[in-house]
$ cat structure_25.txt   # compact mmCIF, C-alpha atoms
# COMPACT_ATOMS: atom_id res chain seq x y z
CA MET A 135 31.62 94.28 -37.18
CA PRO A 136 29.79 91.17 -38.46
CA ASP A 137 30.08 90.34 -42.13
CA THR A 138 26.71 91.27 -43.65
CA SER A 139 27.74 90.78 -47.27
CA ALA A 140 25.59 88.52 -49.40
CA PRO A 141 27.00 85.07 -50.23
CA VAL A 142 28.57 84.59 -53.63
CA LEU A 143 26.15 82.55 -55.70
CA ALA A 144 26.63 80.91 -59.09
CA GLU A 145 24.44 81.23 -62.17
CA LEU A 146 22.96 77.75 -62.43
CA ALA A 147 20.30 78.37 -65.08
CA VAL A 148 19.00 81.01 -67.46
CA VAL A 149 15.51 81.50 -68.85
CA THR A 150 15.39 82.82 -72.40
CA ARG A 151 12.26 84.17 -74.07
CA SER A 152 12.24 85.28 -77.71
CA GLY A 153 16.02 85.67 -77.73
CA LEU A 154 16.22 87.66 -74.47
CA VAL A 155 17.44 86.35 -71.13
CA GLU A 156 14.35 86.96 -69.01
CA SER A 157 15.44 85.39 -65.71
CA ARG A 158 18.46 83.85 -64.03
CA HIS A 159 18.52 81.21 -61.30
CA LEU A 160 21.42 81.53 -58.87
CA GLY A 161 22.48 79.04 -56.25
CA THR A 162 24.99 76.48 -55.05
CA LEU A 163 25.96 73.24 -56.79
CA VAL A 164 28.38 70.46 -55.97
CA ALA A 165 29.22 67.58 -58.32
CA LEU A 166 31.25 64.51 -57.38
CA ASP A 167 33.19 62.37 -59.81
CA ALA A 168 32.99 58.59 -59.86
CA ASP A 169 35.77 58.29 -57.27
CA GLY A 170 34.04 60.70 -54.90
CA SER A 171 36.32 63.64 -55.57
CA VAL A 172 34.79 67.07 -56.06
CA ALA A 173 34.52 67.80 -59.79
CA LEU A 174 32.58 71.06 -59.53
CA ALA A 175 31.74 73.27 -56.57
CA VAL A 176 30.19 76.70 -57.11
CA GLY A 177 28.15 79.10 -55.03
CA ASP A 178 27.84 79.51 -51.27
CA LEU A 179 29.69 76.34 -50.36
CA ASP A 180 29.63 76.95 -46.61
CA GLY A 181 25.94 77.85 -46.55
CA THR A 182 23.43 75.83 -44.56
CA VAL A 183 20.56 74.45 -46.64
CA LEU A 184 17.31 72.83 -45.65
CA PRO A 185 17.12 69.72 -47.86
CA ARG A 186 13.32 69.52 -47.82
CA SER A 187 11.99 66.36 -49.49
CA THR A 188 15.38 65.66 -51.05
CA THR A 189 16.24 64.17 -47.67
CA LYS A 190 13.52 61.50 -47.86
CA PRO A 191 15.88 58.69 -48.91
CA VAL A 192 17.89 59.47 -45.76
CA GLN A 193 14.73 59.44 -43.62
CA ALA A 194 13.73 56.12 -45.20
CA LEU A 195 17.18 54.75 -44.40
CA ALA A 196 16.74 55.82 -40.78
CA CYS A 197 13.36 54.09 -40.57
CA LEU A 198 14.92 50.93 -42.00
CA THR A 199 17.89 50.93 -39.62
CA ALA A 200 15.51 51.62 -36.74
CA GLY A 201 13.93 48.25 -37.50
CA ALA A 202 10.97 49.06 -39.73
CA PRO A 203 10.39 46.03 -42.01
CA LEU A 204 10.31 47.97 -45.26
CA THR A 205 10.82 46.37 -48.68
CA GLY A 206 9.91 47.00 -52.31
CA PRO A 207 7.21 49.61 -52.99
CA GLU A 208 6.85 50.33 -49.25
CA LEU A 209 10.49 51.33 -48.97
CA ALA A 210 10.32 53.30 -52.22
CA ILE A 211 7.29 55.28 -51.09
CA ALA A 212 9.00 56.00 -47.77
CA ALA A 213 11.82 57.59 -49.79
CA GLY A 214 9.50 59.43 -52.16
CA SER A 215 7.03 62.24 -52.65
CA HIS A 216 4.13 60.41 -54.24
CA THR A 217 1.47 62.02 -56.40
CA GLY A 218 -1.49 60.67 -54.43
CA GLU A 219 -2.73 58.10 -56.92
CA ASP A 220 -4.85 55.17 -55.74
CA GLU A 221 -1.94 52.72 -55.80
CA HIS A 222 0.08 55.08 -53.60
CA VAL A 223 -2.79 55.21 -51.11
CA ARG A 224 -2.99 51.40 -51.08
CA VAL A 225 0.68 51.07 -50.14
CA VAL A 226 0.51 53.80 -47.48
CA ARG A 227 -2.49 52.12 -45.86
CA SER A 228 -0.68 48.78 -45.97
CA LEU A 229 2.14 50.35 -43.95
CA LEU A 230 -0.32 51.82 -41.46
CA GLU A 231 -2.16 48.51 -41.12
CA ARG A 232 1.10 46.71 -40.32
CA ALA A 233 1.71 49.32 -37.63
CA GLY A 234 -1.76 48.63 -36.21
CA LEU A 235 -2.90 52.12 -37.17
CA ASP A 236 -5.16 53.89 -39.64
CA ASP A 237 -5.25 57.19 -41.54
CA ASP A 238 -5.99 59.11 -38.35
CA ALA A 239 -2.49 58.38 -37.05
CA LEU A 240 -0.90 60.44 -39.83
CA ARG A 241 0.21 63.90 -38.73
CA CYS A 242 0.96 65.30 -42.19
CA PRO A 243 -1.46 68.00 -43.43
CA VAL A 244 -4.53 67.18 -45.49
CA ASP A 245 -4.07 67.80 -49.19
CA TRP A 246 -5.33 67.01 -52.65
CA PRO A 247 -3.32 64.49 -54.70
CA GLU A 248 -0.74 66.09 -56.98
CA ASP A 249 -1.81 63.85 -59.85
CA GLU A 250 -4.29 65.98 -61.81
CA GLY A 251 -6.50 63.16 -63.05
CA THR A 252 -6.86 61.70 -59.57
CA ARG A 253 -7.51 65.12 -58.05
CA LEU A 254 -10.28 65.97 -60.54
CA ARG A 255 -11.90 62.57 -60.08
CA LEU A 256 -12.01 63.00 -56.32
CA ILE A 257 -13.43 66.50 -56.59
CA ARG A 258 -16.15 65.32 -58.98
CA ALA A 259 -16.98 62.53 -56.54
CA GLY A 260 -17.43 65.04 -53.73
CA GLU A 261 -14.47 63.84 -51.71
CA GLU A 262 -12.36 66.16 -49.58
CA ARG A 263 -8.66 66.64 -49.05
CA SER A 264 -7.06 63.95 -46.91
CA ARG A 265 -3.79 63.18 -45.15
CA VAL A 266 -3.28 59.89 -46.98
CA ARG A 267 -3.26 61.67 -50.37
CA MET A 268 -0.62 64.18 -49.21
CA ASN A 269 2.71 63.58 -50.96
CA CYS A 270 4.58 62.90 -47.71
CA SER A 271 2.17 60.30 -46.30
CA GLY A 272 4.45 57.43 -47.33
CA LYS A 273 7.30 58.82 -45.25
CA HIS A 274 4.96 59.42 -42.32
CA ALA A 275 3.54 55.90 -42.50
CA ALA A 276 7.07 54.45 -42.53
CA MET A 277 7.94 56.55 -39.49
CA LEU A 278 4.86 55.25 -37.68
CA LEU A 279 5.80 51.66 -38.52
CA ALA A 280 9.32 52.25 -37.16
CA CYS A 281 7.77 53.58 -33.95
CA ALA A 282 5.39 50.63 -33.66
CA VAL A 283 8.07 47.95 -33.97
CA ASN A 284 10.18 49.69 -31.32
CA GLY A 285 7.35 50.34 -28.89
CA TRP A 286 7.82 54.09 -29.24
CA SER A 287 4.89 56.45 -28.90
CA THR A 288 3.12 57.32 -32.14
CA ASP A 289 1.04 60.35 -31.22
CA ASP A 290 4.17 62.53 -30.90
CA TYR A 291 6.35 60.88 -33.57
CA LEU A 292 7.09 64.28 -35.16
CA ALA A 293 8.62 65.80 -32.03
CA VAL A 294 12.29 66.58 -32.62
CA ASP A 295 13.26 64.88 -29.34
CA HIS A 296 11.33 61.69 -30.19
CA PRO A 297 13.64 58.63 -30.33
CA LEU A 298 12.89 58.11 -34.03
CA GLN A 299 13.66 61.71 -34.99
CA GLN A 300 16.88 61.66 -32.99
CA HIS A 301 17.84 58.53 -34.95
CA VAL A 302 17.01 60.38 -38.21
CA ARG A 303 19.22 63.24 -37.02
CA ARG A 304 22.17 60.90 -36.33
CA THR A 305 21.66 59.12 -39.65
CA THR A 306 21.66 62.46 -41.48
CA ALA A 307 24.97 63.45 -39.93
CA GLU A 308 26.54 60.07 -40.65
CA ILE A 309 25.59 59.78 -44.31
CA THR A 310 26.27 63.42 -45.22
CA GLY A 311 29.59 63.46 -43.37
CA ALA A 312 28.63 66.78 -41.78
CA ASP A 313 27.21 67.85 -38.45
CA VAL A 314 23.55 68.85 -38.52
CA ARG A 315 23.61 72.62 -38.75
CA HIS A 316 20.04 73.58 -38.02
CA ASP A 317 16.83 72.00 -36.76
CA ALA A 318 13.70 73.06 -38.63
CA VAL A 319 10.18 71.86 -39.38
CA ASP A 320 9.36 70.72 -42.91
CA GLY A 321 6.12 71.57 -44.70
CA CYS A 322 4.69 68.17 -43.76
CA GLY A 323 5.41 68.78 -40.07
CA ALA A 324 8.38 66.41 -39.77
CA PRO A 325 11.68 67.57 -38.31
CA LEU A 326 14.11 68.76 -40.97
CA PHE A 327 17.86 68.77 -40.42
CA GLY A 328 20.02 71.37 -42.12
CA THR A 329 23.18 70.37 -43.97
CA THR A 330 25.31 71.59 -46.87
CA VAL A 331 25.06 71.01 -50.60
CA LEU A 332 28.27 68.97 -50.38
CA GLY A 333 26.63 66.91 -47.63
CA LEU A 334 23.66 66.22 -49.89
CA ALA A 335 25.87 65.15 -52.80
CA THR A 336 27.85 62.93 -50.42
CA ALA A 337 24.67 61.32 -49.10
CA PHE A 338 23.26 60.59 -52.55
CA ARG A 339 26.55 59.09 -53.68
CA ALA A 340 26.64 56.90 -50.57
CA VAL A 341 23.13 55.59 -51.24
CA ALA A 342 23.67 55.05 -54.97
CA THR A 343 26.95 53.16 -54.52
CA ALA A 344 26.01 51.16 -51.43
CA GLU A 345 26.60 47.42 -51.52
CA PRO A 346 23.51 45.33 -52.30
CA GLY A 347 21.80 44.09 -49.18
CA THR A 348 23.10 46.86 -46.93
CA PRO A 349 20.49 49.26 -45.56
CA ALA A 350 21.52 52.05 -47.94
CA GLY A 351 21.69 49.55 -50.80
CA LEU A 352 18.16 48.40 -50.02
CA VAL A 353 16.90 52.00 -50.20
CA ALA A 354 18.66 52.55 -53.52
CA ASP A 355 17.38 49.33 -55.05
CA ALA A 356 13.81 50.00 -53.90
CA MET A 357 13.88 53.42 -55.56
CA ARG A 358 15.41 52.02 -58.76
CA GLU A 359 13.08 49.04 -59.02
CA HIS A 360 9.90 50.89 -58.04
CA PRO A 361 10.32 54.51 -59.25
CA PHE A 362 6.55 54.98 -59.56
CA TYR A 363 6.33 55.07 -55.77
CA VAL A 364 9.09 57.70 -55.48
CA GLY A 365 6.95 60.08 -57.57
CA GLY A 366 4.15 58.96 -59.81
CA SER A 367 2.78 59.08 -63.33
CA GLY A 368 4.95 61.44 -65.38
CA HIS A 369 6.84 62.71 -62.32
CA GLN A 370 10.36 63.95 -63.09
CA ASN A 371 12.06 61.89 -60.35
CA THR A 372 10.27 58.76 -61.56
CA GLU A 373 11.09 59.34 -65.22
CA VAL A 374 14.74 60.27 -64.60
CA MET A 375 15.29 57.01 -62.72
CA ARG A 376 13.57 55.08 -65.49
CA GLY A 377 15.66 56.83 -68.13
CA VAL A 378 19.02 56.67 -66.37
CA PRO A 379 19.38 53.05 -65.21
CA GLY A 380 20.94 52.79 -61.78
CA ALA A 381 20.35 56.42 -60.87
CA VAL A 382 18.82 57.59 -57.61
CA ALA A 383 17.00 60.93 -57.89
CA LYS A 384 14.98 62.98 -55.43
CA GLY A 385 13.98 66.59 -55.67
CA GLY A 386 12.51 68.75 -52.96
CA ALA A 387 10.74 72.04 -52.42
CA GLU A 388 12.55 75.36 -52.65
CA GLY A 389 14.88 74.35 -55.47
CA VAL A 390 16.75 71.42 -53.91
CA ILE A 391 17.71 68.20 -55.70
CA GLY A 392 20.09 65.28 -55.39
CA VAL A 393 20.87 62.77 -58.16
CA ALA A 394 23.54 60.08 -58.21
CA ALA A 395 24.57 57.32 -60.59
CA ARG A 396 25.33 53.74 -59.58
CA THR A 397 28.91 54.39 -60.75
CA GLY A 398 29.41 57.15 -58.16
CA GLN A 399 28.92 60.40 -60.03
CA ALA A 400 26.61 62.67 -58.04
CA VAL A 401 25.20 66.17 -58.12
CA ALA A 402 23.27 68.23 -55.58
CA MET A 403 22.11 71.82 -55.69
CA LYS A 404 20.10 74.51 -53.99
CA VAL A 405 18.52 77.26 -56.10
CA VAL A 406 18.40 80.31 -53.88
CA ASP A 407 15.15 81.75 -55.25
CA GLY A 408 13.41 78.48 -54.40
CA SER A 409 12.31 77.58 -57.92
CA PRO A 410 12.69 73.90 -58.88
CA ARG A 411 11.95 74.43 -62.58
CA ALA A 412 15.60 74.17 -63.69
CA THR A 413 17.00 71.65 -61.22
CA THR A 414 16.49 68.48 -63.27
CA VAL A 415 17.82 70.14 -66.44
CA VAL A 416 20.98 71.26 -64.66
CA ALA A 417 21.49 67.95 -62.86
CA LEU A 418 21.27 65.97 -66.09
CA ARG A 419 23.69 68.34 -67.84
CA VAL A 420 26.24 67.92 -65.07
CA LEU A 421 25.88 64.15 -64.87
CA GLY A 422 26.28 63.90 -68.63
CA ALA A 423 29.51 65.88 -68.44
CA LEU A 424 30.70 63.51 -65.70
CA GLY A 425 30.32 60.60 -68.12
CA VAL A 426 26.90 59.29 -67.13
CA ASP A 427 24.67 58.21 -70.02
CA VAL A 428 21.60 60.41 -69.54
CA SER A 429 20.23 59.98 -73.06
CA GLY A 430 17.28 57.98 -71.76
CA ALA A 431 16.07 61.08 -69.90
CA ALA A 432 16.37 63.39 -72.90
CA ALA A 433 12.77 64.54 -72.48
CA PHE A 434 13.81 66.26 -69.24
CA ALA A 435 17.13 67.66 -70.50
CA SER A 436 15.48 70.93 -71.53
CA VAL A 437 12.39 72.88 -70.53
CA PRO A 438 10.62 74.95 -73.19
CA VAL A 439 9.44 78.48 -72.49
CA LEU A 440 6.02 78.94 -74.07
CA GLY A 441 4.34 81.86 -75.76
CA GLY A 442 0.78 81.32 -76.89
CA GLY A 443 1.25 77.62 -76.20
CA LEU A 444 4.25 77.33 -78.53
CA PRO A 445 7.99 77.20 -77.67
CA VAL A 446 9.63 80.63 -77.83
CA GLY A 447 12.64 79.94 -75.63
CA GLU A 448 13.99 77.54 -73.05
CA ILE A 449 15.29 77.05 -69.55
CA ALA A 450 18.92 76.01 -69.87
CA PRO A 451 22.02 75.56 -67.69
CA GLY A 452 23.73 78.84 -66.81
CA ALA A 453 27.27 80.12 -67.10
CA ALA A 454 28.62 78.34 -64.01
CA VAL A 455 27.62 74.97 -65.46
CA GLU A 456 28.32 75.53 -69.14
CA GLY A 457 31.68 77.14 -68.46
CA TRP A 458 32.71 74.07 -66.49
CA VAL A 459 31.44 71.72 -69.21
CA ALA A 460 33.49 73.63 -71.82
CA ALA A 461 36.59 73.50 -69.59
CA ARG A 462 36.25 69.71 -69.39
CA GLY A 463 36.29 69.54 -73.15
CA GLY A 464 32.53 69.20 -73.61
CA SER A 465 30.34 71.38 -75.75
CA ALA A 466 28.34 74.24 -74.34
CA ALA A 467 24.66 73.99 -75.13
$ encode --input "structure_25.txt" --output "structure tokens"
Amino acid sequence: MPDTSAPVLAELAVVTRSGLVESRHLGTLVALDADGSVALAVGDLDGTVLPRSTTKPVQALACLTAGAPLTGPELAIAAGSHTGEDEHVRVVRSLLERAGLDDDALRCPVDWPEDEGTRLRLIRAGEERSRVRMNCSGKHAAMLLACAVNGWSTDDYLAVDHPLQQHVRRTTAEITGADVRHDAVDGCGAPLFGTTVLGLATAFRAVATAEPGTPAGLVADAMREHPFYVGGSGHQNTEVMRGVPGAVAKGGAEGVIGVAARTGQAVAMKVVDGSPRATTVVALRVLGALGVDVSGAAAFASVPVLGGGLPVGEIAPGAAVEGWVAARGGSAA
């Protein structure tokens, strides 16, 4: 008979309210030490995960190696999930213009900008949702530019058998060190290639430690030098990269994240309930225990739980993380 038992998952985070553990976030986490060896591996280690927007640095790398002339903010926004601010729109349209295209070529859904101030301003002005404000439009514009320089069709650039998407698929397998396990469609409509949490950690370490001037090194440096375009004003990915010099960080929907230091330490995780609210907290805790100075991102090292607008608890790393930290000789929070 087939094995129908549920996978063994680790407690990655706990949510405490007024002294009571209210919720627990379970999932899978892999951390790599500076030399690339596995320092921590807990959860469903053989499980297939859909990396969601955490895979955008890999997709940006594929666009670059396919010949798209991406540099600086353009490369950073290709690797990011922007918040739809006016400067983000300017860069996306610059990419489209260089491809000889306009907003109508984008195949991502229409959306409001994630940045609240921008969203409210547009609503007050009577504007409607648009594709260019959608958080994935930078990636889509980079894909269209890669198609344009290669003479590939642009109206079907999201088809899984399109030459660009097959190149993304090969790039994913190469940088994760694992065969693509599942073909899916992401929320933005782009093909999404399943991997493992270890594969994600491996990919982020490869990008973060890549030699300057190499394609992966160019992606890493663009994200580090222009973190605003990876996220936006106040965005966690943006602020973590500003606070941890040399780090490369990218979260995604459904509780996925990858973060790696220039010195090689890396962490990736998938929270099985899909909530991303604890992922940055846990990632910073693990990186700190691996010897990375994360003090500059202290504002994101804990998440308060509010009652009546005041802190009455917190979201903190769970037993699987804190037990490992204690075993390494660190202090449990």
$ residues_near_point --input "structure_25.txt" --point "(17.1, 54.6, -67.1)" --cutoff "9 Å" --atoms "only C-alpha atoms" --output "PyMOL selection string"
chain A and resi 358+373-381+427-431
$ residues_around --input "structure_25.txt" --residues "Val341 (chain A)" --least-positions-apart "5" --cutoff "8 Å" --atoms "all atoms listed in the file" --output "PyMOL selection string"
chain A and resi 350-351+353-354+382
$ atom_distance --input "structure_25.txt" --atom1 "CA of Val244 (chain A)" --atom2 "CA of Val319 (chain A)"
16.6 Å
$ atom_distance --input "structure_25.txt" --atom1 "CA of Met357 (chain A)" --atom2 "CA of Ala194 (chain A)"
10.7 Å
$ residues_near_point --input "structure_25.txt" --point "(11.1, 59.3, -54.1)" --cutoff "7 Å" --atoms "only C-alpha atoms" --output "CSV table (one decimal) with C-alpha atoms, in the coordinates of the input"
chain,number,residue,atom,x,y,z
A,210,ALA,CA,10.3,53.3,-52.2
A,211,ILE,CA,7.3,55.3,-51.1
A,213,ALA,CA,11.8,57.6,-49.8
A,214,GLY,CA,9.5,59.4,-52.2
A,215,SER,CA,7.0,62.2,-52.6
A,357,MET,CA,13.9,53.4,-55.6
A,363,TYR,CA,6.3,55.1,-55.8
A,364,VAL,CA,9.1,57.7,-55.5
A,365,GLY,CA,7.0,60.1,-57.6
A,371,ASN,CA,12.1,61.9,-60.4
A,384,LYS,CA,15.0,63.0,-55.4
$ closest_residue --input "structure_25.txt" --among "A:Glu250, A:Glu208, A:Asp295, A:Asp220" --to "Arg232 (chain A)" --atoms "all atoms listed in the file"
A:Glu208
$ residues_around --input "structure_25.txt" --residues "Val283 (chain A)" --least-positions-apart "6" --cutoff "12 Å" --atoms "only C-alpha atoms" --output "MDAnalysis selection string"
chainID A and resid 197:204 229:230 232:234 276:277 298
$ atom_distance --input "structure_25.txt" --atom1 "CA of Met268 (chain A)" --atom2 "CA of Asp245 (chain A)"
5.0 Å
$ residues_around --input "structure_25.txt" --residues "region 407-412 of chain A" --least-positions-apart "5" --cutoff "12 Å" --atoms "all atoms listed in the file" --output "compact mmCIF listing (two decimals) with C-alpha atoms, in the frame of the given file"
# COMPACT_ATOMS: atom_id res chain seq x y z
CA LEU A 143 26.15 82.55 -55.70
CA GLU A 145 24.44 81.23 -62.17
CA LEU A 146 22.96 77.75 -62.43
CA ALA A 147 20.30 78.37 -65.08
CA VAL A 148 19.00 81.01 -67.46
CA VAL A 149 15.51 81.50 -68.85
CA SER A 157 15.44 85.39 -65.71
CA ARG A 158 18.46 83.85 -64.03
CA HIS A 159 18.52 81.21 -61.30
CA LEU A 160 21.42 81.53 -58.87
CA GLY A 161 22.48 79.04 -56.25
CA THR A 162 24.99 76.48 -55.05
CA VAL A 183 20.56 74.45 -46.64
CA LEU A 184 17.31 72.83 -45.65
CA PRO A 185 17.12 69.72 -47.86
CA ARG A 186 13.32 69.52 -47.82
CA THR A 188 15.38 65.66 -51.05
CA GLN A 370 10.36 63.95 -63.09
CA LYS A 384 14.98 62.98 -55.43
CA GLY A 385 13.98 66.59 -55.67
CA GLY A 386 12.51 68.75 -52.96
CA ALA A 387 10.74 72.04 -52.42
CA GLU A 388 12.55 75.36 -52.65
CA GLY A 389 14.88 74.35 -55.47
CA VAL A 390 16.75 71.42 -53.91
CA ILE A 391 17.71 68.20 -55.70
CA GLY A 392 20.09 65.28 -55.39
CA ALA A 417 21.49 67.95 -62.86
CA LEU A 418 21.27 65.97 -66.09
CA ARG A 419 23.69 68.34 -67.84
CA PHE A 434 13.81 66.26 -69.24
CA ALA A 435 17.13 67.66 -70.50
CA SER A 436 15.48 70.93 -71.53
CA VAL A 437 12.39 72.88 -70.53
CA PRO A 438 10.62 74.95 -73.19
CA VAL A 439 9.44 78.48 -72.49
CA GLU A 448 13.99 77.54 -73.05
CA ILE A 449 15.29 77.05 -69.55
CA ALA A 450 18.92 76.01 -69.87
CA PRO A 451 22.02 75.56 -67.69
CA GLY A 452 23.73 78.84 -66.81
$ residues_around --input "structure_25.txt" --residues "region 165-168 of chain A" --least-positions-apart "3" --cutoff "9 Å" --atoms "only C-alpha atoms" --output "number ranges by chain"
A: 171-175, 332, 335-336, 339, 394-395, 397-403, 417, 420-421, 424-425
$ closest_residue --input "structure_25.txt" --among "A:Asp313, A:Asp355, A:Asp320, A:Glu456" --to "Thr182 (chain A)" --atoms "all atoms listed in the file"
A:Asp313
$ residues_around --input "structure_25.txt" --residues "Asp290 (chain A)" --least-positions-apart "3" --cutoff "10 Å" --atoms "only C-alpha atoms" --output "compact mmCIF listing (two decimals) with C-alpha atoms, in the frame of the given file"
# COMPACT_ATOMS: atom_id res chain seq x y z
CA ALA A 239 -2.49 58.38 -37.05
CA ARG A 241 0.21 63.90 -38.73
CA LEU A 278 4.86 55.25 -37.68
CA TRP A 286 7.82 54.09 -29.24
CA SER A 287 4.89 56.45 -28.90
CA ALA A 293 8.62 65.80 -32.03
CA VAL A 294 12.29 66.58 -32.62
CA ASP A 295 13.26 64.88 -29.34
CA HIS A 296 11.33 61.69 -30.19
$ closest_residue --input "structure_25.txt" --among "A:Leu292, A:Leu326, A:Val192, A:Val416" --to "Ala454 (chain A)" --atoms "only C-alpha atoms"
A:Val416
$ closest_residue --input "structure_25.txt" --among "A:Arg253, A:Val331, A:Gly447, A:Val223" --to "Gly177 (chain A)" --atoms "all atoms listed in the file"
A:Val331
$ closest_residue --input "structure_25.txt" --among "A:Tyr291, A:Trp458, A:Phe327, A:Trp246" --to "Lys190 (chain A)" --atoms "only C-alpha atoms"
A:Phe327
$ closest_residue --input "structure_25.txt" --among "A:Arg267, A:His316, A:Arg255, A:Arg224" --to "Leu240 (chain A)" --atoms "all atoms listed in the file"
A:Arg267
$ decode --input "structure_25.txt" --residues "region 415-422 of chain A" --atoms "all heavy atoms" --output "PDB file, in the first residue's frame"
ATOM      1  N   VAL A 415      12.163  36.582  10.630  1.00  0.00           N
ATOM      2  CA  VAL A 415      12.615  36.409  12.020  1.00  0.00           C
ATOM      3  C   VAL A 415      13.457  35.148  12.154  1.00  0.00           C
ATOM      4  O   VAL A 415      14.559  35.156  12.737  1.00  0.00           O
ATOM      5  CB  VAL A 415      11.400  36.340  12.970  1.00  0.00           C
ATOM      6  CG1 VAL A 415      11.819  35.910  14.365  1.00  0.00           C
ATOM      7  CG2 VAL A 415      10.684  37.673  13.027  1.00  0.00           C
ATOM      8  N   VAL A 416      12.960  34.047  11.621  1.00  0.00           N
ATOM      9  CA  VAL A 416      13.660  32.767  11.736  1.00  0.00           C
ATOM     10  C   VAL A 416      14.963  32.798  10.949  1.00  0.00           C
ATOM     11  O   VAL A 416      16.015  32.340  11.427  1.00  0.00           O
ATOM     12  CB  VAL A 416      12.756  31.617  11.269  1.00  0.00           C
ATOM     13  CG1 VAL A 416      13.529  30.300  11.242  1.00  0.00           C
ATOM     14  CG2 VAL A 416      11.534  31.496  12.174  1.00  0.00           C
ATOM     15  N   ALA A 417      14.923  33.353   9.742  1.00  0.00           N
ATOM     16  CA  ALA A 417      16.136  33.406   8.923  1.00  0.00           C
ATOM     17  C   ALA A 417      17.240  34.201   9.601  1.00  0.00           C
ATOM     18  O   ALA A 417      18.410  33.788   9.610  1.00  0.00           O
ATOM     19  CB  ALA A 417      15.808  34.005   7.557  1.00  0.00           C
ATOM     20  N   LEU A 418      16.898  35.333  10.185  1.00  0.00           N
ATOM     21  CA  LEU A 418      17.910  36.141  10.865  1.00  0.00           C
ATOM     22  C   LEU A 418      18.464  35.416  12.083  1.00  0.00           C
ATOM     23  O   LEU A 418      19.677  35.500  12.367  1.00  0.00           O
ATOM     24  CB  LEU A 418      17.319  37.487  11.277  1.00  0.00           C
ATOM     25  CG  LEU A 418      17.014  38.460  10.128  1.00  0.00           C
ATOM     26  CD1 LEU A 418      16.265  39.686  10.636  1.00  0.00           C
ATOM     27  CD2 LEU A 418      18.302  38.886   9.413  1.00  0.00           C
ATOM     28  N   ARG A 419      17.610  34.715  12.821  1.00  0.00           N
ATOM     29  CA  ARG A 419      18.072  33.966  13.989  1.00  0.00           C
ATOM     30  C   ARG A 419      19.075  32.895  13.587  1.00  0.00           C
ATOM     31  O   ARG A 419      20.113  32.714  14.233  1.00  0.00           O
ATOM     32  CB  ARG A 419      16.870  33.331  14.695  1.00  0.00           C
ATOM     33  CG  ARG A 419      17.227  32.529  15.947  1.00  0.00           C
ATOM     34  CD  ARG A 419      17.764  33.414  17.032  1.00  0.00           C
ATOM     35  NE  ARG A 419      17.854  32.718  18.303  1.00  0.00           N
ATOM     36  CZ  ARG A 419      18.740  33.000  19.249  1.00  0.00           C
ATOM     37  NH1 ARG A 419      19.618  33.985  19.053  1.00  0.00           N
ATOM     38  NH2 ARG A 419      18.752  32.340  20.386  1.00  0.00           N
ATOM     39  N   VAL A 420      18.784  32.196  12.504  1.00  0.00           N
ATOM     40  CA  VAL A 420      19.676  31.133  12.046  1.00  0.00           C
ATOM     41  C   VAL A 420      20.983  31.713  11.523  1.00  0.00           C
ATOM     42  O   VAL A 420      22.076  31.225  11.853  1.00  0.00           O
ATOM     43  CB  VAL A 420      18.976  30.283  10.973  1.00  0.00           C
ATOM     44  CG1 VAL A 420      19.955  29.312  10.324  1.00  0.00           C
ATOM     45  CG2 VAL A 420      17.800  29.516  11.584  1.00  0.00           C
ATOM     46  N   LEU A 421      20.911  32.755  10.730  1.00  0.00           N
ATOM     47  CA  LEU A 421      22.141  33.363  10.211  1.00  0.00           C
ATOM     48  C   LEU A 421      23.013  33.894  11.342  1.00  0.00           C
ATOM     49  O   LEU A 421      24.243  33.778  11.309  1.00  0.00           O
ATOM     50  CB  LEU A 421      21.805  34.487   9.236  1.00  0.00           C
ATOM     51  CG  LEU A 421      21.269  34.063   7.870  1.00  0.00           C
ATOM     52  CD1 LEU A 421      20.862  35.288   7.066  1.00  0.00           C
ATOM     53  CD2 LEU A 421      22.312  33.257   7.105  1.00  0.00           C
ATOM     54  N   GLY A 422      22.382  34.492  12.357  1.00  0.00           N
ATOM     55  CA  GLY A 422      23.152  34.968  13.499  1.00  0.00           C
ATOM     56  C   GLY A 422      23.888  33.838  14.196  1.00  0.00           C
ATOM     57  O   GLY A 422      25.055  33.990  14.594  1.00  0.00           O
TER      58      GLY A 422
END
